[in-house]
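The data block below is entry_4.txt; it holds compact mmCIF, N, CA and C atoms.
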```txt
# COMPACT_ATOMS: atom_id res chain seq x y z
N MET M 5 7.40 29.12 15.33
CA MET M 5 7.25 28.38 14.07
C MET M 5 5.77 28.06 13.84
N ASN M 6 5.37 28.14 12.63
CA ASN M 6 3.97 27.89 12.28
C ASN M 6 3.73 26.38 12.19
N GLU M 7 2.92 25.85 13.06
CA GLU M 7 2.68 24.41 13.11
C GLU M 7 2.03 23.86 11.84
N THR M 8 1.24 24.67 11.15
CA THR M 8 0.54 24.16 9.97
C THR M 8 1.51 23.74 8.87
N LEU M 9 2.72 24.28 8.88
CA LEU M 9 3.69 23.90 7.85
C LEU M 9 4.23 22.50 8.08
N THR M 10 4.18 22.02 9.31
CA THR M 10 4.74 20.70 9.60
C THR M 10 3.68 19.61 9.69
N GLU M 11 2.40 20.00 9.66
CA GLU M 11 1.34 19.00 9.73
C GLU M 11 1.28 18.21 8.43
N THR M 12 1.09 16.91 8.58
CA THR M 12 0.94 16.08 7.39
C THR M 12 -0.42 15.39 7.46
N ARG M 13 -0.87 14.94 6.30
CA ARG M 13 -2.14 14.24 6.21
C ARG M 13 -1.89 12.80 5.79
N SER M 14 -2.92 12.01 5.97
CA SER M 14 -2.86 10.60 5.62
C SER M 14 -4.04 10.23 4.74
N VAL M 15 -3.82 9.24 3.91
CA VAL M 15 -4.90 8.61 3.16
C VAL M 15 -5.12 7.24 3.81
N VAL M 16 -6.36 6.96 4.19
CA VAL M 16 -6.69 5.68 4.80
C VAL M 16 -7.79 5.02 3.97
N VAL M 17 -7.58 3.75 3.64
CA VAL M 17 -8.62 2.97 2.97
C VAL M 17 -8.79 1.69 3.79
N GLU M 18 -10.03 1.38 4.12
CA GLU M 18 -10.32 0.17 4.89
C GLU M 18 -11.42 -0.60 4.19
N ARG M 19 -11.25 -1.91 4.16
CA ARG M 19 -12.27 -2.77 3.54
C ARG M 19 -12.38 -4.07 4.31
N GLU M 20 -13.57 -4.60 4.32
CA GLU M 20 -13.79 -5.97 4.78
C GLU M 20 -13.67 -6.84 3.53
N ILE M 21 -12.76 -7.79 3.55
CA ILE M 21 -12.52 -8.61 2.37
C ILE M 21 -12.78 -10.08 2.74
N PRO M 22 -13.58 -10.79 1.94
CA PRO M 22 -13.98 -12.15 2.30
C PRO M 22 -12.92 -13.20 1.95
N HIS M 23 -11.69 -12.94 2.37
CA HIS M 23 -10.58 -13.89 2.17
C HIS M 23 -9.74 -13.89 3.44
N PRO M 24 -9.09 -15.02 3.75
CA PRO M 24 -8.28 -15.09 4.96
C PRO M 24 -7.03 -14.20 4.85
N PRO M 25 -6.49 -13.75 5.99
CA PRO M 25 -5.29 -12.90 5.97
C PRO M 25 -4.12 -13.50 5.18
N GLU M 26 -3.96 -14.80 5.27
CA GLU M 26 -2.83 -15.45 4.58
C GLU M 26 -2.89 -15.25 3.07
N LYS M 27 -4.09 -15.29 2.52
CA LYS M 27 -4.26 -15.10 1.07
C LYS M 27 -3.98 -13.65 0.68
N ILE M 28 -4.49 -12.71 1.47
CA ILE M 28 -4.25 -11.29 1.21
C ILE M 28 -2.76 -10.98 1.37
N TRP M 29 -2.13 -11.58 2.37
CA TRP M 29 -0.70 -11.38 2.60
C TRP M 29 0.11 -11.77 1.36
N ARG M 30 -0.24 -12.89 0.76
CA ARG M 30 0.47 -13.31 -0.46
C ARG M 30 0.32 -12.26 -1.55
N ALA M 31 -0.89 -11.70 -1.70
CA ALA M 31 -1.11 -10.67 -2.73
C ALA M 31 -0.32 -9.40 -2.44
N LEU M 32 -0.05 -9.13 -1.16
CA LEU M 32 0.70 -7.94 -0.77
C LEU M 32 2.22 -8.13 -0.83
N THR M 33 2.68 -9.39 -0.87
CA THR M 33 4.12 -9.63 -0.72
C THR M 33 4.78 -10.46 -1.81
N GLN M 34 4.01 -11.01 -2.73
CA GLN M 34 4.63 -11.79 -3.82
C GLN M 34 4.66 -10.93 -5.08
N PRO M 35 5.87 -10.69 -5.62
CA PRO M 35 6.02 -9.75 -6.73
C PRO M 35 5.07 -9.98 -7.91
N HIS M 36 4.87 -11.22 -8.33
CA HIS M 36 4.00 -11.45 -9.48
C HIS M 36 2.54 -11.12 -9.15
N LEU M 37 2.16 -11.27 -7.88
CA LEU M 37 0.80 -10.92 -7.48
C LEU M 37 0.66 -9.41 -7.28
N ILE M 38 1.68 -8.76 -6.72
CA ILE M 38 1.67 -7.30 -6.56
C ILE M 38 1.48 -6.65 -7.94
N GLU M 39 2.15 -7.22 -8.94
CA GLU M 39 2.04 -6.67 -10.29
C GLU M 39 0.61 -6.74 -10.82
N GLU M 40 -0.14 -7.75 -10.41
CA GLU M 40 -1.52 -7.90 -10.88
C GLU M 40 -2.42 -6.76 -10.44
N TRP M 41 -2.20 -6.23 -9.24
CA TRP M 41 -3.13 -5.22 -8.71
C TRP M 41 -2.51 -3.85 -8.48
N LEU M 42 -1.17 -3.77 -8.42
CA LEU M 42 -0.55 -2.49 -8.11
C LEU M 42 0.35 -2.04 -9.25
N MET M 43 1.59 -2.55 -9.29
CA MET M 43 2.54 -2.15 -10.33
C MET M 43 3.62 -3.22 -10.46
N LYS M 44 4.38 -3.13 -11.55
CA LYS M 44 5.57 -3.95 -11.70
C LYS M 44 6.51 -3.59 -10.56
N ASN M 45 7.30 -4.58 -10.08
CA ASN M 45 8.09 -4.34 -8.88
C ASN M 45 9.21 -5.35 -8.73
N ASP M 46 10.10 -5.08 -7.79
CA ASP M 46 11.13 -6.04 -7.40
C ASP M 46 11.11 -6.20 -5.88
N PHE M 47 9.90 -6.33 -5.35
CA PHE M 47 9.67 -6.44 -3.90
C PHE M 47 10.21 -7.75 -3.34
N LYS M 48 10.76 -7.68 -2.13
CA LYS M 48 11.09 -8.86 -1.34
C LYS M 48 10.63 -8.57 0.08
N PRO M 49 9.97 -9.52 0.73
CA PRO M 49 9.47 -9.27 2.09
C PRO M 49 10.59 -9.39 3.13
N VAL M 50 11.54 -8.45 3.04
CA VAL M 50 12.71 -8.44 3.93
C VAL M 50 12.89 -7.01 4.42
N VAL M 51 12.99 -6.82 5.74
CA VAL M 51 13.18 -5.48 6.30
C VAL M 51 14.45 -4.86 5.73
N ASP M 52 14.37 -3.60 5.35
CA ASP M 52 15.44 -2.79 4.75
C ASP M 52 15.63 -3.03 3.24
N HIS M 53 14.92 -4.02 2.67
CA HIS M 53 15.05 -4.24 1.22
C HIS M 53 14.53 -3.01 0.47
N ARG M 54 15.34 -2.52 -0.46
CA ARG M 54 14.93 -1.39 -1.31
C ARG M 54 14.35 -1.96 -2.60
N PHE M 55 13.22 -1.41 -3.01
CA PHE M 55 12.57 -1.88 -4.23
C PHE M 55 11.89 -0.70 -4.90
N ASN M 56 11.45 -0.92 -6.13
CA ASN M 56 10.65 0.13 -6.75
C ASN M 56 9.43 -0.46 -7.41
N LEU M 57 8.44 0.40 -7.53
CA LEU M 57 7.19 0.09 -8.21
C LEU M 57 7.20 0.90 -9.49
N ARG M 58 6.88 0.25 -10.61
CA ARG M 58 6.99 0.92 -11.90
C ARG M 58 5.67 0.87 -12.65
N ALA M 59 5.33 2.04 -13.22
CA ALA M 59 4.13 2.16 -14.05
C ALA M 59 4.47 3.03 -15.25
N ASP M 60 3.52 3.17 -16.15
CA ASP M 60 3.79 3.97 -17.35
C ASP M 60 4.04 5.45 -17.02
N TRP M 61 3.57 5.93 -15.88
CA TRP M 61 3.75 7.33 -15.48
C TRP M 61 5.06 7.57 -14.74
N GLY M 62 5.77 6.49 -14.36
CA GLY M 62 7.02 6.67 -13.63
C GLY M 62 7.24 5.57 -12.62
N ALA M 63 8.06 5.88 -11.60
CA ALA M 63 8.41 4.86 -10.61
C ALA M 63 8.32 5.43 -9.20
N VAL M 64 8.15 4.53 -8.25
CA VAL M 64 8.11 4.86 -6.83
C VAL M 64 9.26 4.11 -6.17
N ASP M 65 10.10 4.83 -5.45
CA ASP M 65 11.19 4.20 -4.71
C ASP M 65 10.69 3.85 -3.32
N CYS M 66 10.98 2.62 -2.90
CA CYS M 66 10.45 2.13 -1.63
C CYS M 66 11.52 1.39 -0.85
N GLN M 67 11.29 1.29 0.46
CA GLN M 67 12.14 0.48 1.32
C GLN M 67 11.25 -0.14 2.39
N VAL M 68 11.41 -1.46 2.59
CA VAL M 68 10.61 -2.17 3.58
C VAL M 68 11.03 -1.73 4.98
N LEU M 69 10.04 -1.32 5.78
CA LEU M 69 10.29 -0.86 7.15
C LEU M 69 9.95 -1.93 8.18
N ALA M 70 8.85 -2.64 7.97
CA ALA M 70 8.39 -3.62 8.96
C ALA M 70 7.59 -4.72 8.29
N ILE M 71 7.78 -5.92 8.82
CA ILE M 71 7.02 -7.06 8.33
C ILE M 71 6.64 -7.95 9.51
N GLU M 72 5.36 -8.20 9.64
CA GLU M 72 4.86 -9.19 10.58
C GLU M 72 3.90 -10.05 9.77
N PRO M 73 4.36 -11.23 9.30
CA PRO M 73 3.58 -12.03 8.36
C PRO M 73 2.11 -12.17 8.74
N ASN M 74 1.28 -11.94 7.72
CA ASN M 74 -0.18 -12.04 7.82
C ASN M 74 -0.81 -10.99 8.73
N LYS M 75 -0.01 -9.99 9.19
CA LYS M 75 -0.54 -8.97 10.09
C LYS M 75 -0.21 -7.55 9.64
N THR M 76 1.08 -7.25 9.42
CA THR M 76 1.49 -5.88 9.13
C THR M 76 2.61 -5.84 8.10
N LEU M 77 2.50 -4.90 7.18
CA LEU M 77 3.55 -4.63 6.20
C LEU M 77 3.66 -3.11 6.08
N SER M 78 4.89 -2.60 6.16
CA SER M 78 5.09 -1.16 6.07
C SER M 78 6.31 -0.88 5.20
N TYR M 79 6.18 0.12 4.32
CA TYR M 79 7.31 0.51 3.48
C TYR M 79 7.22 1.99 3.13
N THR M 80 8.40 2.56 2.84
CA THR M 80 8.42 3.95 2.40
C THR M 80 7.89 4.02 0.97
N TRP M 81 7.44 5.20 0.58
CA TRP M 81 6.87 5.44 -0.75
C TRP M 81 7.34 6.82 -1.17
N ALA M 82 8.34 6.88 -2.03
CA ALA M 82 8.93 8.16 -2.43
C ALA M 82 8.82 8.34 -3.94
N ALA M 83 8.16 9.44 -4.35
CA ALA M 83 8.02 9.74 -5.77
C ALA M 83 7.65 11.21 -5.94
N TYR M 84 8.28 11.86 -6.87
CA TYR M 84 7.94 13.24 -7.23
C TYR M 84 7.89 14.16 -6.01
N GLY M 85 8.87 14.04 -5.12
CA GLY M 85 8.95 14.92 -3.96
C GLY M 85 8.13 14.47 -2.75
N LEU M 86 7.34 13.43 -2.92
CA LEU M 86 6.55 12.91 -1.81
C LEU M 86 7.38 11.88 -1.04
N GLU M 87 7.54 12.10 0.24
CA GLU M 87 8.20 11.13 1.13
C GLU M 87 7.13 10.64 2.08
N SER M 88 6.66 9.43 1.88
CA SER M 88 5.56 8.93 2.70
C SER M 88 5.82 7.50 3.13
N VAL M 89 4.92 6.99 3.96
CA VAL M 89 5.00 5.62 4.44
C VAL M 89 3.64 4.96 4.23
N VAL M 90 3.66 3.76 3.64
CA VAL M 90 2.45 2.97 3.44
C VAL M 90 2.47 1.83 4.44
N THR M 91 1.38 1.69 5.20
CA THR M 91 1.28 0.61 6.19
C THR M 91 -0.01 -0.17 5.95
N TRP M 92 0.16 -1.47 5.79
CA TRP M 92 -0.97 -2.38 5.63
C TRP M 92 -1.17 -3.11 6.95
N THR M 93 -2.43 -3.20 7.39
CA THR M 93 -2.76 -3.94 8.60
C THR M 93 -3.88 -4.92 8.28
N LEU M 94 -3.64 -6.20 8.58
CA LEU M 94 -4.61 -7.25 8.32
C LEU M 94 -5.13 -7.76 9.66
N THR M 95 -6.45 -7.75 9.82
CA THR M 95 -7.07 -8.22 11.05
C THR M 95 -8.11 -9.27 10.69
N PRO M 96 -7.95 -10.51 11.19
CA PRO M 96 -8.93 -11.55 10.88
C PRO M 96 -10.31 -11.19 11.42
N THR M 97 -11.33 -11.54 10.65
CA THR M 97 -12.72 -11.36 11.08
C THR M 97 -13.44 -12.69 10.90
N ARG M 98 -14.69 -12.74 11.33
CA ARG M 98 -15.46 -13.98 11.17
C ARG M 98 -15.64 -14.35 9.71
N THR M 99 -15.71 -13.32 8.84
CA THR M 99 -16.01 -13.58 7.42
C THR M 99 -14.80 -13.38 6.50
N GLY M 100 -13.63 -13.12 7.06
CA GLY M 100 -12.45 -12.90 6.22
C GLY M 100 -11.42 -12.04 6.91
N THR M 101 -11.19 -10.85 6.35
CA THR M 101 -10.14 -9.97 6.86
C THR M 101 -10.56 -8.51 6.77
N HIS M 102 -10.26 -7.77 7.82
CA HIS M 102 -10.37 -6.32 7.76
C HIS M 102 -9.00 -5.82 7.29
N LEU M 103 -8.97 -5.23 6.10
CA LEU M 103 -7.71 -4.75 5.51
C LEU M 103 -7.69 -3.23 5.61
N ARG M 104 -6.62 -2.70 6.20
CA ARG M 104 -6.46 -1.25 6.36
C ARG M 104 -5.14 -0.84 5.75
N MET M 105 -5.21 0.18 4.89
CA MET M 105 -4.00 0.76 4.29
C MET M 105 -3.97 2.22 4.70
N GLU M 106 -2.84 2.65 5.24
CA GLU M 106 -2.66 4.05 5.57
C GLU M 106 -1.38 4.55 4.94
N GLN M 107 -1.49 5.62 4.17
CA GLN M 107 -0.32 6.28 3.59
C GLN M 107 -0.18 7.62 4.29
N THR M 108 0.90 7.79 5.04
CA THR M 108 1.12 9.00 5.83
C THR M 108 2.23 9.84 5.22
N GLY M 109 2.17 11.14 5.50
CA GLY M 109 3.28 12.02 5.12
C GLY M 109 2.99 13.05 4.06
N PHE M 110 1.73 13.30 3.75
CA PHE M 110 1.39 14.31 2.75
C PHE M 110 1.45 15.70 3.38
N ARG M 111 2.34 16.54 2.90
CA ARG M 111 2.44 17.92 3.38
C ARG M 111 1.31 18.76 2.80
N PRO M 112 0.99 19.89 3.44
CA PRO M 112 -0.08 20.76 2.92
C PRO M 112 0.15 21.21 1.48
N ASP M 113 1.41 21.36 1.07
CA ASP M 113 1.69 21.80 -0.30
C ASP M 113 1.66 20.66 -1.32
N GLN M 114 1.25 19.48 -0.87
CA GLN M 114 1.20 18.31 -1.77
C GLN M 114 -0.24 17.87 -2.01
N GLN M 115 -1.10 18.85 -2.24
CA GLN M 115 -2.52 18.57 -2.45
C GLN M 115 -2.75 17.65 -3.65
N GLN M 116 -2.01 17.87 -4.72
CA GLN M 116 -2.19 17.04 -5.91
C GLN M 116 -1.82 15.58 -5.61
N ALA M 117 -0.71 15.38 -4.91
CA ALA M 117 -0.30 14.02 -4.55
C ALA M 117 -1.32 13.38 -3.61
N TYR M 118 -1.82 14.18 -2.65
CA TYR M 118 -2.82 13.68 -1.70
C TYR M 118 -4.09 13.25 -2.43
N GLN M 119 -4.61 14.11 -3.29
CA GLN M 119 -5.82 13.76 -4.05
C GLN M 119 -5.58 12.57 -4.97
N GLY M 120 -4.40 12.54 -5.59
CA GLY M 120 -4.05 11.41 -6.45
C GLY M 120 -4.01 10.10 -5.69
N ALA M 121 -3.47 10.14 -4.48
CA ALA M 121 -3.41 8.93 -3.65
C ALA M 121 -4.81 8.50 -3.23
N LYS M 122 -5.66 9.46 -2.85
CA LYS M 122 -7.03 9.11 -2.46
C LYS M 122 -7.74 8.38 -3.60
N PHE M 123 -7.57 8.89 -4.81
CA PHE M 123 -8.18 8.25 -5.98
C PHE M 123 -7.48 6.93 -6.30
N GLY M 124 -6.16 6.97 -6.33
CA GLY M 124 -5.38 5.81 -6.74
C GLY M 124 -5.57 4.59 -5.85
N TRP M 125 -5.58 4.79 -4.54
CA TRP M 125 -5.72 3.65 -3.64
C TRP M 125 -7.10 3.00 -3.75
N GLN M 126 -8.13 3.78 -4.05
CA GLN M 126 -9.45 3.18 -4.27
C GLN M 126 -9.38 2.23 -5.47
N LYS M 127 -8.72 2.70 -6.53
CA LYS M 127 -8.56 1.88 -7.73
C LYS M 127 -7.73 0.63 -7.43
N PHE M 128 -6.61 0.81 -6.70
CA PHE M 128 -5.74 -0.33 -6.38
C PHE M 128 -6.48 -1.35 -5.52
N PHE M 129 -7.30 -0.87 -4.57
CA PHE M 129 -8.07 -1.80 -3.74
C PHE M 129 -9.03 -2.61 -4.59
N GLY M 130 -9.69 -1.96 -5.54
CA GLY M 130 -10.58 -2.68 -6.45
C GLY M 130 -9.82 -3.74 -7.24
N ASN M 131 -8.64 -3.36 -7.73
CA ASN M 131 -7.79 -4.32 -8.46
C ASN M 131 -7.38 -5.47 -7.55
N LEU M 132 -7.04 -5.16 -6.30
CA LEU M 132 -6.62 -6.19 -5.35
C LEU M 132 -7.76 -7.17 -5.10
N GLU M 133 -8.96 -6.64 -4.89
CA GLU M 133 -10.11 -7.53 -4.65
C GLU M 133 -10.38 -8.44 -5.85
N GLN M 134 -10.22 -7.91 -7.05
CA GLN M 134 -10.38 -8.75 -8.24
C GLN M 134 -9.29 -9.80 -8.32
N ALA M 135 -8.05 -9.41 -8.04
CA ALA M 135 -6.93 -10.36 -8.09
C ALA M 135 -7.12 -11.48 -7.07
N LEU M 136 -7.65 -11.15 -5.90
CA LEU M 136 -7.85 -12.16 -4.87
C LEU M 136 -8.82 -13.26 -5.31
N THR M 137 -9.75 -12.93 -6.19
CA THR M 137 -10.68 -13.96 -6.67
C THR M 137 -9.99 -14.95 -7.59
N ARG M 138 -8.82 -14.55 -8.14
CA ARG M 138 -8.09 -15.44 -9.05
C ARG M 138 -6.95 -16.21 -8.38
N ILE M 139 -6.61 -15.84 -7.15
CA ILE M 139 -5.51 -16.48 -6.43
C ILE M 139 -6.01 -17.70 -5.70
N ASP M 140 -5.26 -18.77 -5.76
CA ASP M 140 -5.64 -20.00 -5.02
C ASP M 140 -5.32 -19.84 -3.55
```
How does this structure look as structure tokens?
Amino acid sequence: MNETLTETRSVVVEREIPHPPEKIWRALTQPHLIEEWLMKNDFKPVVDHRFNLRADWGAVDCQVLAIEPNKTLSYTWAAYGLESVVTWTLTPTRTGTHLRMEQTGFRPDQQQAYQGAKFGWQKFFGNLEQALTRID
């Protein structure tokens, strides 16, 4: 079997953010805050909860895989044939939080989805950083 057909790629975005993990966690897990920086949603921070993210271009079907408050959040991300997993990792630093997002599962034939995610997550991170300045 040709191994290259089963290899998948990941999109990773990492930022140092000058806010405590607890504040970023709220932005990642409270539906009204998620809507501010990502998409409309019916998210609940409960393992196995199925939810979707909605935008003008369509919807993403998701299911919560793991939650460790203020540290790790992981959920599936399925849309347009892409079956992937998004994992957020929050690590406290002296000046705030090191935030890491990794989306895994891009097959070689999903170049458009991969490039779209690389672009999209940069935009979402910018939106998240702006939203964090407005959150108490």
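Straight-line separation from atom N of Leu69 (chain M) to CA of Ala82 (chain M): 12.6 Å.
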Fill in the blank from the handout: atom N of Arg138 (chain M) to CA of Lys44 (chain M) measures 18.2 Å
Practice task
Find the spatial neighbours of region 23-33 of chain M, counting all atoms listed in the file, within a cut-off of 5 Å - ignore same-chain residues fewer than 6 positions away - and output them as a PyMOL selection string.
Solution key: chain M and resi 74+100-101
Practice task
Counting all atoms listed in the file, figure out which residue out of M:Leu42, M:Gln126, M:Arg111, M:Val90 gets nearest to Ser78 (chain M).
Solution key: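 Of M:Leu42, M:Gln126, M:Arg111, M:Val90, the one nearest Ser78 (chain M) is M:Val90, counting all atoms listed in the file.
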Problem - In chain M, DSSP strand (DSSP E) residues written as a PyMOL selection string - result: chain M and resi 13-21+44-45+54-59+62-72+76-83+86-97+100-110
Handout entry: Pick from M:Glu18, M:Asp113, M:Asp46, M:Glu40, whichever lies nearest to Leu86 (chain M) using only C-alpha atoms
Key =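 The closest residue to Leu86 (chain M) is M:Asp113.
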Problem - Residues of region 72-133 of chain M in helix (DSSP H, G or I), written as a PyMOL selection string - result: chain M and resi 115-133
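When all atoms listed in the file are used to measure the gap to Arg19 (chain M), the shortest distance among M:Gln134, M:Gly124, M:Pro112, M:Arg104 belongs to M:Arg104.
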Could you tell me, as a PDB file with N, CA and C atoms, in the frame of the given file, which residues have any atom at most 5 Å from (-0.1, -4.4, 5.9), counting all atoms listed in the file?
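Now in point05.pdb:
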```
ATOM      1  N   LYS M  75      -0.010  -9.990   9.190  1.00  0.00           N
ATOM      2  CA  LYS M  75      -0.540  -8.970  10.090  1.00  0.00           C
ATOM      3  C   LYS M  75      -0.210  -7.550   9.640  1.00  0.00           C
ATOM      4  N   THR M  76       1.080  -7.250   9.420  1.00  0.00           N
ATOM      5  CA  THR M  76       1.490  -5.880   9.130  1.00  0.00           C
ATOM      6  C   THR M  76       2.610  -5.840   8.100  1.00  0.00           C
ATOM      7  N   LEU M  77       2.500  -4.900   7.180  1.00  0.00           N
ATOM      8  CA  LEU M  77       3.550  -4.630   6.200  1.00  0.00           C
ATOM      9  C   LEU M  77       3.660  -3.110   6.080  1.00  0.00           C
ATOM     10  N   THR M  91       1.380   1.690   5.200  1.00  0.00           N
ATOM     11  CA  THR M  91       1.280   0.610   6.190  1.00  0.00           C
ATOM     12  C   THR M  91      -0.010  -0.170   5.950  1.00  0.00           C
ATOM     13  N   TRP M  92       0.160  -1.470   5.790  1.00  0.00           N
ATOM     14  CA  TRP M  92      -0.970  -2.380   5.630  1.00  0.00           C
ATOM     15  C   TRP M  92      -1.170  -3.110   6.950  1.00  0.00           C
ATOM     16  N   THR M  93      -2.430  -3.200   7.390  1.00  0.00           N
ATOM     17  CA  THR M  93      -2.760  -3.940   8.600  1.00  0.00           C
ATOM     18  C   THR M  93      -3.880  -4.920   8.280  1.00  0.00           C
ATOM     19  N   LEU M  94      -3.640  -6.200   8.580  1.00  0.00           N
ATOM     20  CA  LEU M  94      -4.610  -7.250   8.320  1.00  0.00           C
ATOM     21  C   LEU M  94      -5.130  -7.760   9.660  1.00  0.00           C
TER      22      LEU M  94
END
```
Practice task
For Met43 (chain M), work out the shell of residues within 5 Å, counting only N, CA and C atoms and skipping chain neighbours fewer than 4 positions away, then give it as a count of residues only.
Solution key: 3
Exercise for the section: Please measure the separation of atom N of Glu20 (chain M) and atom C of Thr137 (chain M), giving the value in Å to one decimal. Expected result: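 Going from atom N of Glu20 (chain M) over to atom C of Thr137 (chain M) covers 16.2 Å.
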